[in-house]
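File shown here: work06.txt, holding compact mmCIF, N, CA and C atoms.
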# COMPACT_ATOMS: atom_id res chain seq x y z
N MET A 1 4.16 -90.52 -85.23
CA MET A 1 3.87 -91.69 -86.02
C MET A 1 4.87 -92.77 -85.60
N GLU A 2 4.38 -94.01 -85.57
CA GLU A 2 5.24 -95.12 -85.19
C GLU A 2 5.56 -95.97 -86.42
N GLN A 3 6.85 -96.26 -86.62
CA GLN A 3 7.29 -97.10 -87.73
C GLN A 3 8.28 -98.11 -87.18
N GLU A 4 7.95 -99.39 -87.34
CA GLU A 4 8.85 -100.48 -86.92
C GLU A 4 9.37 -100.30 -85.50
N GLY A 5 8.48 -99.93 -84.59
CA GLY A 5 8.87 -99.78 -83.19
C GLY A 5 9.56 -98.48 -82.85
N ASN A 6 9.73 -97.59 -83.83
CA ASN A 6 10.36 -96.29 -83.58
C ASN A 6 9.33 -95.18 -83.67
N LEU A 7 9.50 -94.18 -82.84
CA LEU A 7 8.65 -93.00 -82.89
C LEU A 7 9.27 -92.04 -83.90
N VAL A 8 8.52 -91.71 -84.96
CA VAL A 8 9.02 -90.85 -86.02
C VAL A 8 8.26 -89.53 -85.97
N LEU A 9 9.00 -88.45 -85.83
CA LEU A 9 8.38 -87.12 -85.80
C LEU A 9 8.26 -86.61 -87.23
N THR A 10 7.07 -86.19 -87.59
CA THR A 10 6.83 -85.71 -88.95
C THR A 10 6.59 -84.21 -89.00
N LYS A 11 6.70 -83.56 -87.86
CA LYS A 11 6.44 -82.12 -87.78
C LYS A 11 7.39 -81.53 -86.75
N SER A 12 7.89 -80.35 -87.01
CA SER A 12 8.80 -79.69 -86.08
C SER A 12 8.06 -79.22 -84.83
N TYR A 13 8.71 -79.37 -83.69
CA TYR A 13 8.20 -78.84 -82.43
C TYR A 13 7.98 -77.33 -82.53
N LEU A 14 8.79 -76.65 -83.31
CA LEU A 14 8.73 -75.20 -83.43
C LEU A 14 7.55 -74.70 -84.25
N GLU A 15 6.93 -75.58 -85.02
CA GLU A 15 5.81 -75.21 -85.89
C GLU A 15 4.51 -75.18 -85.09
N GLU A 16 3.94 -73.99 -84.90
CA GLU A 16 2.72 -73.84 -84.12
C GLU A 16 1.50 -73.71 -85.04
N GLY A 17 0.34 -74.00 -84.47
CA GLY A 17 -0.91 -73.80 -85.19
C GLY A 17 -1.72 -75.07 -85.35
N ALA A 18 -2.81 -74.93 -86.10
CA ALA A 18 -3.76 -76.03 -86.31
C ALA A 18 -3.21 -77.05 -87.31
N TYR A 19 -3.58 -78.31 -87.09
CA TYR A 19 -3.24 -79.37 -88.04
C TYR A 19 -4.29 -80.47 -87.94
N LYS A 20 -4.42 -81.24 -89.00
CA LYS A 20 -5.38 -82.35 -89.01
C LYS A 20 -4.72 -83.58 -88.42
N HIS A 21 -5.45 -84.25 -87.56
CA HIS A 21 -4.94 -85.45 -86.90
C HIS A 21 -5.87 -86.60 -87.26
N GLU A 22 -5.32 -87.65 -87.83
CA GLU A 22 -6.15 -88.74 -88.35
C GLU A 22 -6.03 -90.03 -87.54
N ALA A 23 -5.76 -89.93 -86.24
CA ALA A 23 -5.60 -91.11 -85.40
C ALA A 23 -6.94 -91.72 -84.99
N TRP A 24 -8.00 -90.97 -85.12
CA TRP A 24 -9.32 -91.44 -84.72
C TRP A 24 -10.17 -91.72 -85.95
N PRO A 25 -11.34 -92.36 -85.76
CA PRO A 25 -12.20 -92.67 -86.92
C PRO A 25 -12.54 -91.43 -87.76
N GLU A 26 -12.71 -90.29 -87.12
CA GLU A 26 -12.95 -89.04 -87.84
C GLU A 26 -11.77 -88.11 -87.61
N THR A 27 -11.33 -87.43 -88.65
CA THR A 27 -10.20 -86.52 -88.54
C THR A 27 -10.52 -85.41 -87.55
N ALA A 28 -9.57 -85.12 -86.68
CA ALA A 28 -9.72 -84.07 -85.68
C ALA A 28 -8.78 -82.92 -86.01
N ILE A 29 -9.19 -81.71 -85.71
CA ILE A 29 -8.32 -80.54 -85.85
C ILE A 29 -7.67 -80.32 -84.48
N MET A 30 -6.35 -80.41 -84.44
CA MET A 30 -5.59 -80.25 -83.20
C MET A 30 -4.80 -78.93 -83.27
N GLN A 31 -4.35 -78.47 -82.11
CA GLN A 31 -3.53 -77.27 -82.03
C GLN A 31 -2.18 -77.64 -81.43
N GLN A 32 -1.12 -77.13 -81.98
CA GLN A 32 0.22 -77.37 -81.44
C GLN A 32 0.83 -76.04 -81.04
N PHE A 33 1.30 -75.97 -79.79
CA PHE A 33 1.98 -74.79 -79.29
C PHE A 33 3.24 -75.22 -78.55
N ARG A 34 4.24 -74.37 -78.57
CA ARG A 34 5.47 -74.63 -77.81
C ARG A 34 5.22 -74.33 -76.33
N VAL A 35 6.01 -74.93 -75.47
CA VAL A 35 5.89 -74.67 -74.04
C VAL A 35 6.08 -73.18 -73.77
N SER A 36 7.01 -72.56 -74.46
CA SER A 36 7.26 -71.13 -74.25
C SER A 36 6.04 -70.28 -74.57
N THR A 37 5.22 -70.70 -75.51
CA THR A 37 4.01 -69.95 -75.85
C THR A 37 3.05 -69.95 -74.65
N TYR A 38 2.88 -71.11 -74.02
CA TYR A 38 2.02 -71.18 -72.84
C TYR A 38 2.58 -70.35 -71.69
N LEU A 39 3.89 -70.50 -71.42
CA LEU A 39 4.50 -69.76 -70.31
C LEU A 39 4.44 -68.26 -70.55
N ASN A 40 4.76 -67.80 -71.75
CA ASN A 40 4.72 -66.38 -72.06
C ASN A 40 3.31 -65.82 -71.99
N ALA A 41 2.30 -66.60 -72.36
CA ALA A 41 0.91 -66.15 -72.25
C ALA A 41 0.54 -65.91 -70.79
N CYS A 42 0.99 -66.78 -69.91
CA CYS A 42 0.75 -66.59 -68.47
C CYS A 42 1.42 -65.32 -67.98
N ILE A 43 2.68 -65.15 -68.33
CA ILE A 43 3.45 -63.98 -67.89
C ILE A 43 2.83 -62.69 -68.44
N GLN A 44 2.49 -62.66 -69.72
CA GLN A 44 1.91 -61.47 -70.33
C GLN A 44 0.52 -61.14 -69.78
N SER A 45 -0.13 -62.12 -69.18
CA SER A 45 -1.45 -61.89 -68.57
C SER A 45 -1.34 -61.51 -67.10
N GLY A 46 -0.12 -61.31 -66.63
CA GLY A 46 0.09 -60.83 -65.27
C GLY A 46 0.19 -61.91 -64.21
N PHE A 47 0.46 -63.14 -64.62
CA PHE A 47 0.60 -64.23 -63.65
C PHE A 47 2.07 -64.42 -63.27
N VAL A 48 2.27 -64.87 -62.05
CA VAL A 48 3.59 -65.26 -61.56
C VAL A 48 3.62 -66.78 -61.58
N ILE A 49 4.57 -67.34 -62.27
CA ILE A 49 4.68 -68.79 -62.37
C ILE A 49 5.39 -69.32 -61.13
N GLU A 50 4.73 -70.24 -60.43
CA GLU A 50 5.29 -70.80 -59.21
C GLU A 50 5.93 -72.17 -59.44
N GLN A 51 5.39 -72.92 -60.39
CA GLN A 51 5.92 -74.27 -60.62
C GLN A 51 5.45 -74.77 -61.98
N VAL A 52 6.30 -75.57 -62.63
CA VAL A 52 5.95 -76.22 -63.90
C VAL A 52 6.20 -77.71 -63.72
N VAL A 53 5.20 -78.53 -64.05
CA VAL A 53 5.29 -79.98 -63.86
C VAL A 53 5.06 -80.67 -65.19
N GLU A 54 5.94 -81.63 -65.53
CA GLU A 54 5.79 -82.42 -66.74
C GLU A 54 5.76 -83.91 -66.43
N ASP A 55 5.72 -84.27 -65.16
CA ASP A 55 5.75 -85.68 -64.76
C ASP A 55 4.50 -86.42 -65.22
N VAL A 56 4.69 -87.70 -65.52
CA VAL A 56 3.59 -88.58 -65.90
C VAL A 56 3.59 -89.77 -64.97
N SER A 57 2.42 -90.14 -64.49
CA SER A 57 2.31 -91.31 -63.62
C SER A 57 1.25 -92.22 -64.21
N LEU A 58 1.67 -93.38 -64.71
CA LEU A 58 0.75 -94.34 -65.30
C LEU A 58 0.73 -95.60 -64.45
N SER A 59 -0.46 -96.07 -64.13
CA SER A 59 -0.57 -97.33 -63.40
C SER A 59 -0.27 -98.49 -64.34
N ASP A 60 0.06 -99.64 -63.77
CA ASP A 60 0.27 -100.84 -64.59
C ASP A 60 -0.98 -101.16 -65.40
N GLU A 61 -2.14 -100.92 -64.80
CA GLU A 61 -3.41 -101.17 -65.50
C GLU A 61 -3.54 -100.26 -66.72
N ASP A 62 -3.20 -98.98 -66.58
CA ASP A 62 -3.27 -98.05 -67.72
C ASP A 62 -2.28 -98.44 -68.81
N ILE A 63 -1.07 -98.83 -68.39
CA ILE A 63 -0.04 -99.22 -69.37
C ILE A 63 -0.52 -100.41 -70.18
N GLU A 64 -1.08 -101.40 -69.50
CA GLU A 64 -1.58 -102.59 -70.20
C GLU A 64 -2.80 -102.26 -71.07
N LYS A 65 -3.71 -101.45 -70.56
CA LYS A 65 -4.94 -101.10 -71.27
C LYS A 65 -4.65 -100.41 -72.60
N HIS A 66 -3.62 -99.56 -72.63
CA HIS A 66 -3.32 -98.76 -73.82
C HIS A 66 -2.10 -99.25 -74.59
N ALA A 67 -1.60 -100.44 -74.29
CA ALA A 67 -0.36 -100.95 -74.89
C ALA A 67 -0.39 -100.96 -76.42
N LYS A 68 -1.51 -101.26 -77.01
CA LYS A 68 -1.60 -101.33 -78.47
C LYS A 68 -2.30 -100.11 -79.07
N GLY A 69 -2.57 -99.13 -78.25
CA GLY A 69 -3.28 -97.94 -78.71
C GLY A 69 -2.35 -96.91 -79.32
N TRP A 70 -2.96 -95.90 -79.89
CA TRP A 70 -2.20 -94.81 -80.50
C TRP A 70 -1.35 -94.11 -79.44
N TYR A 71 -1.93 -93.92 -78.26
CA TYR A 71 -1.21 -93.27 -77.16
C TYR A 71 -0.81 -94.34 -76.16
N ASN A 72 0.47 -94.64 -76.07
CA ASN A 72 0.91 -95.72 -75.20
C ASN A 72 2.07 -95.25 -74.31
N ALA A 73 2.50 -96.13 -73.42
CA ALA A 73 3.55 -95.78 -72.45
C ALA A 73 4.87 -95.44 -73.13
N GLU A 74 5.19 -96.09 -74.25
CA GLU A 74 6.43 -95.80 -74.95
C GLU A 74 6.45 -94.35 -75.46
N LYS A 75 5.33 -93.91 -76.00
CA LYS A 75 5.25 -92.51 -76.45
C LYS A 75 5.32 -91.56 -75.27
N ALA A 76 4.64 -91.92 -74.18
CA ALA A 76 4.66 -91.07 -72.98
C ALA A 76 6.07 -90.94 -72.42
N ALA A 77 6.88 -91.99 -72.58
CA ALA A 77 8.27 -91.94 -72.09
C ALA A 77 9.18 -91.14 -73.02
N ALA A 78 8.82 -91.03 -74.29
CA ALA A 78 9.66 -90.36 -75.28
C ALA A 78 9.37 -88.87 -75.41
N VAL A 79 8.13 -88.48 -75.23
CA VAL A 79 7.70 -87.11 -75.45
C VAL A 79 6.86 -86.66 -74.25
N PRO A 80 7.14 -85.49 -73.68
CA PRO A 80 6.32 -85.03 -72.56
C PRO A 80 4.84 -84.98 -72.96
N THR A 81 4.01 -85.57 -72.11
CA THR A 81 2.58 -85.63 -72.42
C THR A 81 1.73 -84.78 -71.50
N THR A 82 2.34 -84.28 -70.44
CA THR A 82 1.62 -83.51 -69.45
C THR A 82 2.38 -82.21 -69.18
N LEU A 83 1.63 -81.13 -69.10
CA LEU A 83 2.22 -79.85 -68.72
C LEU A 83 1.25 -79.16 -67.77
N ILE A 84 1.69 -78.99 -66.54
CA ILE A 84 0.88 -78.29 -65.54
C ILE A 84 1.66 -77.04 -65.15
N ILE A 85 1.00 -75.90 -65.26
CA ILE A 85 1.63 -74.62 -64.91
C ILE A 85 0.89 -74.07 -63.70
N LYS A 86 1.57 -74.04 -62.56
CA LYS A 86 0.98 -73.49 -61.35
C LYS A 86 1.37 -72.03 -61.29
N CYS A 87 0.37 -71.15 -61.28
CA CYS A 87 0.67 -69.73 -61.23
C CYS A 87 -0.39 -69.00 -60.45
N ARG A 88 -0.09 -67.77 -60.11
CA ARG A 88 -1.03 -66.92 -59.38
C ARG A 88 -0.99 -65.53 -59.98
N LYS A 89 -2.05 -64.81 -59.80
CA LYS A 89 -2.12 -63.45 -60.31
C LYS A 89 -1.18 -62.58 -59.48
N ALA A 90 -0.35 -61.80 -60.14
CA ALA A 90 0.62 -60.94 -59.44
C ALA A 90 -0.12 -59.86 -58.67
N GLN A 91 0.42 -59.52 -57.50
CA GLN A 91 -0.15 -58.45 -56.69
C GLN A 91 0.27 -57.10 -57.29
N ALA A 92 -0.67 -56.19 -57.37
CA ALA A 92 -0.39 -54.87 -57.95
C ALA A 92 0.31 -53.96 -56.98
Rewrite the coordinates I just gave you, this time as structure tokens.
Amino acid sequence: MEQEGNLVLTKSYLEEGAYKHEAWPETAIMQQFRVSTYLNACIQSGFVIEQVVEDVSLSDEDIEKHAKGWYNAEKAAAVPTTLIIKCRKAQA
């Protein structure tokens, strides 16, 4: 949530599970998981993790297009918005 130009967190990162999100015209049910939950699910499923990427690349056009939106460049700079896990199935 944004208040007076500040990003205010109203929920702990550690709290996992479903929650209602009211940023859109109709309330959406979202899921929140920690990064460790995703990584451990890969490992427990027999995958070998080769690389983890959290980088974000926004064009000037995208930054301008979403400047007044719920999801903007300031939020993207404050909180990781992308998580890519490159993995492969382990050889038996």
inquiry  = Considering only strand (DSSP E) as DSSP defines it on the backbone, what residues of chain A qualify? List them as a list in words.
reply    = Glu2, Gln3, Asn6, Leu7, Gly17, Ala18, Tyr19, Lys20, His21, Ala28, Ile29, Met30, Gln31, Gln32, Phe47, Val48, Ile49, Glu50, Gln51, Val52, Val53, Ile84, Ile85, Lys86, Cys87, Arg88 and Lys89 of chain A
query = Among chain A, which ones does DSSP place in helix (DSSP H, G or I), written as a PyMOL selection string?
reply = chain A and resi 35-44+60-65+73-78
ask   = Any idea what the distance is between CA of Ala23 in chain A and CA of Ile85 in chain A?
value = 27.3 Å
Could you work out an axis-aligned box for range 72-91 of chain A, taking every atom the file lists and adding 4 Å on each side, and report centre and edge lengths in Å to one decimal, as AutoDock Vina command-line options?
--center_x 3.8 --center_y -76.6 --center_z -66.6 --size_x 19.8 --size_y 47.0 --size_z 27.8
So which residues touch Ile49 in chain A within 7 Å, counting only C-alpha atoms, skipping near sequence neighbours fewer than 6 positions away, as a PDB file with N, CA and C atoms, in the frame of the given file?
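The result, written out as around36.pdb:
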ATOM      1  N   LYS A  86       1.570 -74.040 -62.560  1.00  0.00           N
ATOM      2  CA  LYS A  86       0.980 -73.490 -61.350  1.00  0.00           C
ATOM      3  C   LYS A  86       1.370 -72.030 -61.290  1.00  0.00           C
ATOM      4  N   CYS A  87       0.370 -71.150 -61.280  1.00  0.00           N
ATOM      5  CA  CYS A  87       0.670 -69.730 -61.230  1.00  0.00           C
ATOM      6  C   CYS A  87      -0.390 -69.000 -60.450  1.00  0.00           C
ATOM      7  N   ARG A  88      -0.090 -67.770 -60.110  1.00  0.00           N
ATOM      8  CA  ARG A  88      -1.030 -66.920 -59.380  1.00  0.00           C
ATOM      9  C   ARG A  88      -0.990 -65.530 -59.980  1.00  0.00           C
TER      10      ARG A  88
END
task = Skip Gly17 in chain A itself and residues of its chain fewer than 4 positions away, then list as an NGL selection string all residues within 7 Å of it, counting all atoms listed in the file.
result = :A and (30-33)
task = Would you kindly return, as a ChimeraX atom specification, each protein, DNA or RNA residue with an atom no farther than 7 Å from any atom of Ile63 in chain A, considering all atoms listed in the file and excluding same-chain residues fewer than 4 positions away?
result = /A:58-59,67-68,72-73
key: Atom pair atom C of Tyr38 in chain A / atom C of Glu74 in chain A: separation (Å)   = 24.6 Å
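Between CA of Ala76 in chain A and CA of Ser57 in chain A the separation is 9.7 Å.
The point (7.6, -81.6, -65.2) has these residues within 8 Å of it when only C-alpha atoms are used: Val52, Val53, Glu54, Asp55, Thr82, Leu83 and Ile84 of chain A.
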inquiry  = With distances taken over only C-alpha atoms, which residue among A:Lys11, A:Val35, A:Lys20, A:Ala28 lies nearest Thr81 in chain A?
reply    = A:Val35
Non-local contacts of Arg34 in chain A (7 Å; all atoms listed in the file; under 6 positions in same chain excluded) as an mmCIF file with N, CA and C atoms, keeping the file's coordinate frame:
data_model
loop_
_atom_site.group_PDB
_atom_site.id
_atom_site.type_symbol
_atom_site.label_atom_id
_atom_site.label_comp_id
_atom_site.auth_asym_id
_atom_site.auth_seq_id
_atom_site.Cartn_x
_atom_site.Cartn_y
_atom_site.Cartn_z
ATOM 1 N N TYR A 13 8.710 -79.370 -83.690
ATOM 2 C CA TYR A 13 8.200 -78.840 -82.430
ATOM 3 C C TYR A 13 7.980 -77.330 -82.530
ATOM 4 N N LEU A 14 8.790 -76.650 -83.310
ATOM 5 C CA LEU A 14 8.730 -75.200 -83.430
ATOM 6 C C LEU A 14 7.550 -74.700 -84.250
ATOM 7 N N GLU A 15 6.930 -75.580 -85.020
ATOM 8 C CA GLU A 15 5.810 -75.210 -85.890
ATOM 9 C C GLU A 15 4.510 -75.180 -85.090
ATOM 10 N N GLU A 16 3.940 -73.990 -84.900
ATOM 11 C CA GLU A 16 2.720 -73.840 -84.120
ATOM 12 C C GLU A 16 1.500 -73.710 -85.040
#
